[in-house]
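Here is the file query15.cif (mmCIF, C-alpha atoms and all ligand atoms).
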data_model
#
loop_
_atom_site.label_atom_id
_atom_site.label_comp_id
_atom_site.auth_asym_id
_atom_site.auth_seq_id
_atom_site.Cartn_x
_atom_site.Cartn_y
_atom_site.Cartn_z
CA MET A 1 28.27 3.05 -6.19
CA THR A 2 26.46 0.11 -4.56
CA ILE A 3 24.80 1.06 -1.28
CA ALA A 4 23.76 -1.25 1.56
CA ALA A 5 22.03 -0.34 4.80
CA VAL A 6 22.40 -2.16 8.11
CA LEU A 7 19.22 -1.44 10.05
CA THR A 8 19.66 -2.21 13.74
CA ALA A 9 16.49 -3.53 15.35
CA ALA A 10 17.71 -6.21 17.76
CA GLY A 11 17.54 -4.24 21.01
CA SER A 12 15.10 -5.04 23.80
CA GLY A 13 13.87 -1.49 24.39
CA SER A 14 14.38 -1.72 28.15
CA ARG A 15 14.01 2.05 28.65
CA LEU A 16 10.71 2.00 26.75
CA GLY A 17 9.53 -0.66 29.18
CA LEU A 18 6.98 -2.52 27.02
CA ASP A 19 6.61 -6.29 26.60
CA LEU A 20 7.67 -6.09 22.95
CA PRO A 21 11.17 -5.28 21.63
CA LYS A 22 11.18 -1.59 20.67
CA ALA A 23 11.64 -2.12 16.91
CA VAL A 24 8.38 -4.08 16.62
CA VAL A 25 6.30 -1.63 18.66
CA PRO A 26 3.69 -0.12 16.33
CA VAL A 27 3.24 3.59 15.61
CA ALA A 28 0.57 4.68 13.15
CA GLY A 29 -0.31 1.01 12.61
CA GLU A 30 3.18 -0.21 11.75
CA PRO A 31 6.25 -1.33 13.71
CA LEU A 32 9.08 1.17 14.02
CA VAL A 33 11.40 -1.05 11.96
CA ALA A 34 8.98 -0.98 9.00
CA HIS A 35 8.84 2.83 9.02
CA ALA A 36 12.63 3.03 9.17
CA ALA A 37 13.06 0.54 6.30
CA ARG A 38 10.57 2.36 4.09
CA SER A 39 12.39 5.63 4.53
CA LEU A 40 15.75 4.05 3.69
CA LEU A 41 14.38 2.43 0.54
CA ALA A 42 12.72 5.68 -0.61
CA ALA A 43 16.01 7.59 -0.56
CA ARG A 44 17.67 8.58 -3.83
CA ALA A 45 21.24 9.89 -3.96
CA ALA A 46 22.09 12.81 -6.24
CA ASP A 47 23.26 10.34 -8.90
CA GLY A 48 19.93 8.50 -8.68
CA SER A 49 21.28 5.46 -6.86
CA ALA A 50 19.22 3.75 -4.16
CA ILE A 51 19.88 1.17 -1.48
CA ALA A 52 20.55 -2.21 -3.12
CA GLN A 53 20.82 -4.36 0.03
CA LEU A 54 19.04 -4.08 3.35
CA VAL A 55 20.43 -6.06 6.29
CA VAL A 56 18.23 -6.01 9.38
CA THR A 57 19.40 -7.15 12.82
CA ALA A 58 16.37 -8.52 14.68
CA PRO A 59 15.65 -9.99 18.12
CA ALA A 60 16.08 -13.78 18.05
CA ALA A 61 12.44 -14.45 18.94
CA HIS A 62 11.21 -12.17 16.14
CA LEU A 63 13.40 -13.20 13.19
CA ASP A 64 10.61 -14.71 11.10
CA ALA A 65 8.10 -11.98 11.90
CA VAL A 66 10.59 -9.23 11.01
CA ALA A 67 11.58 -11.05 7.80
CA ALA A 68 7.93 -11.28 6.72
CA LEU A 69 7.23 -7.67 7.64
CA LEU A 70 10.29 -6.32 5.87
CA GLY A 71 9.65 -8.56 2.88
CA ASP A 72 6.36 -6.72 2.44
CA VAL A 73 8.04 -3.32 2.78
CA VAL A 74 10.64 -4.25 0.16
CA GLU A 75 7.98 -5.56 -2.21
CA ALA A 76 5.83 -2.45 -1.79
CA SER A 77 8.86 -0.26 -2.56
CA GLY A 78 8.96 -1.81 -6.03
CA ALA A 79 12.76 -1.75 -5.89
CA ASP A 80 15.16 -4.58 -6.60
CA VAL A 81 16.56 -4.94 -3.09
CA ARG A 82 18.32 -7.86 -1.46
CA LEU A 83 16.94 -8.37 2.06
CA ASP A 84 18.80 -10.20 4.83
CA VAL A 85 17.46 -10.55 8.37
CA VAL A 86 19.98 -11.72 10.99
CA GLY A 87 20.01 -12.16 14.74
CA GLY A 88 21.55 -9.36 16.77
CA GLY A 89 24.33 -9.40 19.35
CA ARG A 90 24.45 -8.47 23.01
CA THR A 91 25.22 -4.82 22.21
CA ARG A 92 24.41 -2.53 19.29
CA GLN A 93 28.06 -2.74 18.22
CA GLU A 94 27.86 -6.54 18.03
CA SER A 95 24.60 -6.33 16.11
CA VAL A 96 26.12 -3.99 13.52
CA ALA A 97 29.10 -6.35 13.19
CA ALA A 98 26.68 -9.25 12.55
CA GLY A 99 25.00 -7.14 9.88
CA LEU A 100 28.30 -6.22 8.20
CA ALA A 101 29.11 -9.93 7.87
CA GLU A 102 26.13 -10.26 5.49
CA LEU A 103 27.20 -7.56 3.02
CA ALA A 104 27.25 -8.54 -0.65
CA ASP A 105 30.65 -8.45 -2.36
CA ASP A 106 29.88 -5.45 -4.58
CA VAL A 107 28.74 -3.11 -1.79
CA ASP A 108 31.04 -0.10 -1.39
CA VAL A 109 28.95 2.34 0.70
CA VAL A 110 27.30 1.25 3.97
CA LEU A 111 24.67 3.11 5.94
CA VAL A 112 24.02 2.14 9.54
CA HIS A 113 20.61 3.19 10.79
CA ASP A 114 18.61 2.58 13.98
CA ALA A 115 15.04 1.32 13.82
CA ALA A 116 14.70 3.50 16.91
CA ARG A 117 14.80 6.52 14.53
CA PRO A 118 11.81 5.45 12.42
CA PHE A 119 11.03 8.81 10.83
CA ALA A 120 14.43 9.88 9.51
CA PRO A 121 13.31 11.32 6.15
CA PRO A 122 14.63 10.00 2.81
CA GLY A 123 16.24 13.39 2.16
CA LEU A 124 18.46 12.94 5.22
CA VAL A 125 19.46 9.47 4.05
CA ALA A 126 20.37 10.91 0.63
CA ARG A 127 22.39 13.75 2.20
CA VAL A 128 24.53 11.22 4.08
CA VAL A 129 25.08 9.05 0.98
CA ASP A 130 26.00 12.09 -1.11
CA ALA A 131 28.62 13.19 1.41
CA VAL A 132 30.21 9.73 1.35
CA ARG A 133 30.07 9.83 -2.42
CA ALA A 134 31.81 13.24 -2.32
CA GLY A 135 34.81 11.60 -0.66
CA HIS A 136 34.15 11.57 3.08
CA ALA A 137 34.85 8.05 4.37
CA ALA A 138 32.61 8.51 7.41
CA VAL A 139 29.56 10.81 7.63
CA VAL A 140 27.14 11.48 10.49
CA PRO A 141 24.10 13.75 10.68
CA GLY A 142 24.26 16.22 13.56
CA LEU A 143 21.98 18.85 15.08
CA PRO A 144 23.01 21.84 17.19
CA VAL A 145 22.82 21.21 20.92
CA VAL A 146 20.13 23.40 22.50
CA ASP A 147 20.96 22.91 26.17
CA THR A 148 23.95 24.35 27.96
CA VAL A 149 26.29 21.41 28.55
CA LYS A 150 28.64 21.06 31.50
CA ARG A 151 31.29 18.49 32.27
CA VAL A 152 30.96 17.20 35.84
CA GLY A 153 33.33 15.44 38.19
CA ALA A 154 32.89 12.79 40.86
CA GLY A 155 30.41 13.84 43.53
CA ASP A 156 28.40 12.30 46.31
CA ALA A 157 24.80 11.16 46.85
CA THR A 158 23.57 14.78 46.74
CA GLY A 159 25.12 15.78 43.40
CA ARG A 160 28.27 16.37 41.35
CA PRO A 161 30.55 19.39 40.89
CA VAL A 162 30.84 21.25 37.56
CA VAL A 163 34.29 20.98 36.06
CA GLU A 164 33.64 23.21 33.04
CA THR A 165 30.99 24.56 30.68
CA VAL A 166 31.59 23.13 27.23
CA PRO A 167 31.23 25.78 24.46
CA ARG A 168 27.92 24.83 22.84
CA ALA A 169 28.82 26.20 19.42
CA ASP A 170 31.35 23.38 19.11
CA LEU A 171 28.83 20.62 19.87
CA VAL A 172 26.40 18.60 17.77
CA ALA A 173 24.01 15.83 18.79
CA VAL A 174 24.57 12.97 16.39
CA GLN A 175 21.88 10.88 14.68
CA THR A 176 21.60 8.04 12.21
CA PRO A 177 21.78 7.03 9.39
CA GLN A 178 25.57 7.21 9.46
CA GLY A 179 27.35 6.53 6.19
CA PHE A 180 30.72 4.92 5.53
CA ASP A 181 33.13 3.66 2.97
CA ARG A 182 32.58 -0.06 3.44
CA HIS A 183 36.19 -0.98 4.10
CA VAL A 184 36.74 1.84 6.58
CA LEU A 185 33.74 0.69 8.61
CA GLU A 186 34.71 -3.00 8.45
CA ARG A 187 38.26 -2.18 9.63
CA ALA A 188 36.97 0.01 12.46
CA HIS A 189 34.66 -2.78 13.64
CA ALA A 190 37.45 -5.33 13.43
CA VAL A 191 39.63 -3.15 15.68
CA GLY A 192 36.68 -2.28 17.94
CA SER A 193 35.70 -5.90 18.48
CA GLY A 194 39.08 -6.45 20.11
CA ARG A 195 38.26 -3.77 22.67
CA GLY A 196 35.11 -5.36 24.10
CA ALA A 197 32.16 -5.15 21.72
CA HIS A 198 29.86 -6.85 24.22
CA GLU A 199 30.64 -4.82 27.31
CA ALA A 200 29.56 -1.48 28.70
CA THR A 201 32.52 -0.03 26.82
CA ALA A 202 30.96 -0.95 23.46
CA ALA A 203 30.59 2.02 21.13
CA SER A 204 27.14 3.62 21.06
CA ASP A 205 27.65 4.67 17.46
CA ASP A 206 29.74 3.49 14.53
CA ALA A 207 31.46 6.81 13.96
CA ALA A 208 33.12 6.47 17.38
CA LEU A 209 34.81 3.27 16.18
CA VAL A 210 35.97 5.02 13.02
CA GLU A 211 37.31 7.98 15.05
CA ALA A 212 39.18 5.56 17.31
CA ALA A 213 40.74 4.07 14.19
CA GLY A 214 42.08 7.53 13.31
CA VAL A 215 39.79 8.23 10.33
CA ALA A 216 38.16 11.67 10.00
CA VAL A 217 34.39 11.84 10.46
CA TRP A 218 32.33 14.50 8.66
CA VAL A 219 29.09 16.01 10.02
CA VAL A 220 26.20 16.97 7.72
CA PRO A 221 23.02 18.72 8.92
CA GLY A 222 20.70 16.37 10.79
CA ASP A 223 16.91 16.48 10.91
CA GLU A 224 14.55 16.79 13.88
CA ARG A 225 12.36 14.11 12.35
CA ALA A 226 15.19 11.61 12.87
CA ALA A 227 14.69 11.90 16.63
CA LYS A 228 15.28 8.71 18.59
CA VAL A 229 12.51 6.81 20.35
CA THR A 230 14.04 5.83 23.69
CA THR A 231 11.40 6.42 26.37
CA ALA A 232 7.61 6.18 26.65
CA ARG A 233 7.49 9.95 26.19
CA ASP A 234 9.39 9.71 22.89
CA LEU A 235 6.87 7.13 21.69
CA LEU A 236 3.99 9.46 22.56
CA VAL A 237 5.66 12.28 20.63
CA ALA A 238 6.16 9.99 17.60
CA GLN A 239 2.50 8.93 17.76
CA ALA A 240 1.34 12.55 18.02
CA LEU A 241 3.51 13.64 15.08
CA THR A 242 2.37 10.80 12.83
CA THR A 243 -1.32 11.45 13.48
CA GLY A 244 -0.87 15.22 13.17
CA ALA A 245 -2.24 15.63 16.68
CA THR A 246 -1.16 18.62 18.75
CA ALA A 247 -0.54 16.86 22.03
N1 LIG A 301 20.20 -2.57 18.93
C1 LIG A 301 20.57 -3.77 18.33
N2 LIG A 301 21.18 -4.75 19.08
C2 LIG A 301 21.42 -4.56 20.39
C3 LIG A 301 21.05 -3.35 21.02
C4 LIG A 301 20.44 -2.37 20.26
O1 LIG A 301 20.35 -3.95 17.13
N3 LIG A 301 21.99 -5.56 21.08
C5 LIG A 301 19.51 -1.55 18.15
C6 LIG A 301 18.13 -1.19 18.71
O2 LIG A 301 17.16 -2.11 18.22
C7 LIG A 301 17.93 0.23 18.23
C8 LIG A 301 19.36 0.77 18.10
O3 LIG A 301 20.23 -0.33 18.21
O4 LIG A 301 17.29 0.31 16.97
C9 LIG A 301 19.65 1.83 19.15
O5 LIG A 301 19.63 1.24 20.43
P1 LIG A 301 18.70 1.71 21.64
O6 LIG A 301 17.94 2.92 21.28
O7 LIG A 301 19.53 1.69 22.86
O8 LIG A 301 17.60 0.51 21.67
P2 LIG A 301 17.47 -0.65 22.73
O9 LIG A 301 18.82 -1.18 23.07
O10 LIG A 301 16.47 -1.59 22.19
O11 LIG A 301 16.83 0.13 23.98
P3 LIG A 301 17.34 0.12 25.51
O12 LIG A 301 18.77 0.58 25.48
O13 LIG A 301 16.42 1.07 26.19
O14 LIG A 301 17.19 -1.30 26.00
MG MG A 302 20.28 0.10 24.04
#
Represent the supplied structure as structure tokens.
Ligand code: CTP
Ligand code: MG
Amino acid sequence: MTIAAVLTAAGSGSRLGLDLPKAVVPVAGEPLVAHAARSLLAARAADGSAIAQLVVTAPAAHLDAVAALLGDVVEASGADVRLDVVGGGRTRQESVAAGLAELADDVDVVLVHDAARPFAPPGLVARVVDAVRAGHAAVVPGLPVVDTVKRVGAGDATGRPVVETVPRADLVAVQTPQGFDRHVLERAHAVGSGRGAHEATAASDDAALVEAAGVAVWVVPGDERAAKVTTARDLLVAQALTTGATA
């Protein structure tokens, strides 16, 4: 088994609202993308295998800085890892596709992970790899949904009507890293690119493309530590958790 990871870091972080792209915003003295890369490289599958290639999608203006930063992370890991840093696309889906184009020939398992989930622990990464290794062509981590979820219809300026309450026991909130058989993911992206990879209809995760291609997706237990940094509040929570503060 040869494992590669595509680490998406090319977004602008518009909802975070800082001057810097989100992936290079520091927490605990290091950019989010560096934390995420270190966790990926620390993971060991049940058979002892580790990530052999790391492909990072970076904002165009930060390609060299991200390459230098990640070069240091790879070196510090002590592992023999091939590092590629490429420019991203207009959407996450396009960025992942750009990353897939860099995969080495011998890669057969691909993880796709968001720099926006910098503290996904190595154990979670390993759990996803092991499930792919066990024969699931597409694997996502998921956590139970804690809120009551309702489907709503078209409304007006004052609100929207409830159509139904969705049984919560049947729902999971999905995280990354997501793991795939390489060829399944490449095929799903090839089909997905024909449906508008750069528009609002672009998939927000890779598993959705695989589902659309008719391949079964398997859910393994997620981890709260893999929470996504989207807003300023999320960044504050990440800072508090990394310093051990009780905000
Ligand atoms: N991403 C990417 N290329 C894009 C858009 C997003 O590589 N064109 C990456 C982001 O860097 C992030 C992950 O995809 O690690 C998840 O995206 P999101 O959380 O939406 O990050 P941003 O797009 O940067 O944030 P926002 O949507 O608030 O602008
Ligand atoms: Mg985004």
Rounded to one decimal place, report the atom CA of Ala23 of chain A-atom CA of Thr2 of chain A distance in Å.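 Pair atom CA of Ala23 of chain A / atom CA of Thr2 of chain A returns 26.2 Å.
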With distances taken over all atoms listed in the file, which of A:Ser14, A:Thr243, A:Thr176, A:Ser204 is nearest to Lys228 of chain A?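 Using all atoms listed in the file, Lys228 of chain A sits closest to A:Thr176.
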Taking all atoms listed in the file into account, which residues are within 10 Å of ligand LIG 301 (chain A), as an NGL selection string? :A and (6-17 or 20-24 or 32-33 or 36 or 56-59 or 86-99 or 112-118 or 176 or 198 or 204-205 or 228-231)
Could you list, as a ChimeraX atom specification, every residue within 8 Å of segment 75-78 of chain A, counting all atoms listed in the file and ignoring same-chain residues fewer than 4 positions away? /A:38,41-42,71
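If all atoms listed in the file are the atoms counted, then among A:Pro141, A:Gly123, A:Pro167, A:Gly153 the closest residue to Ala45 of chain A is A:Gly123.
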Mind giving me the straight-line distance from atom CA of Ala188 of chain A to atom CA of Trp218 of chain A in Å, one decimal? 15.7 Å
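Of the listed residues (A:Ala203, A:Arg160, A:Val74, A:His62), A:Ala203 comes nearest to ligand MG 302 (chain A); the distances count only C-alpha atoms and all ligand atoms.
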Residue nearest Gly142 of chain A - candidates A:Ala126, A:Val109, A:Ala208, A:Ala226, atoms counted: all atoms listed in the file: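 The shortest atom-to-atom distance to Gly142 of chain A comes from A:Ala226.
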With a distance cut-off of 9 Å and all atoms listed in the file, select the neighbouring residues of Val125 of chain A, excluding the residue or stretch itself and same-chain residues fewer than 5 positions from it, and output the selection as a list in words. Ser39, Leu40, Ala43, Arg44, Ala45, Leu111, Ala120, Asp130, Thr176, Pro177, Gln178 and Gly179 of chain A
For a cutoff of 12 Å around the file-coordinate point (34.0, 25.0, 24.6), which residues qualify once you count all atoms listed in the file? I'd like the result as JSON, numbers by chain. {"A": [148, 149, 150, 151, 164, 165, 166, 167, 168, 169, 170, 171]}
Here is a test: counting only C-alpha atoms, which residue of A:Gly222, A:Gly48, A:Gly159, A:Gly29 is nearest to Ala173 of chain A?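 Of A:Gly222, A:Gly48, A:Gly159, A:Gly29, the one nearest Ala173 of chain A, counting only C-alpha atoms, is A:Gly222.
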Which is closest to Val132 of chain A among A:Thr242, A:Val81, A:Val217, A:Ala65, if we use all atoms listed in the file?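 Looking at the shortest contact to Val132 of chain A, the residue is A:Val217.
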Box along x, y and z, 4 Å on every side, all listed atoms of segment 86-97 of chain A inside: centre and edge lengths in Å to one decimal, as AutoDock Vina command-line options.
--center_x 24.5 --center_y -7.3 --center_z 17.0 --size_x 17.1 --size_y 17.6 --size_z 20.0
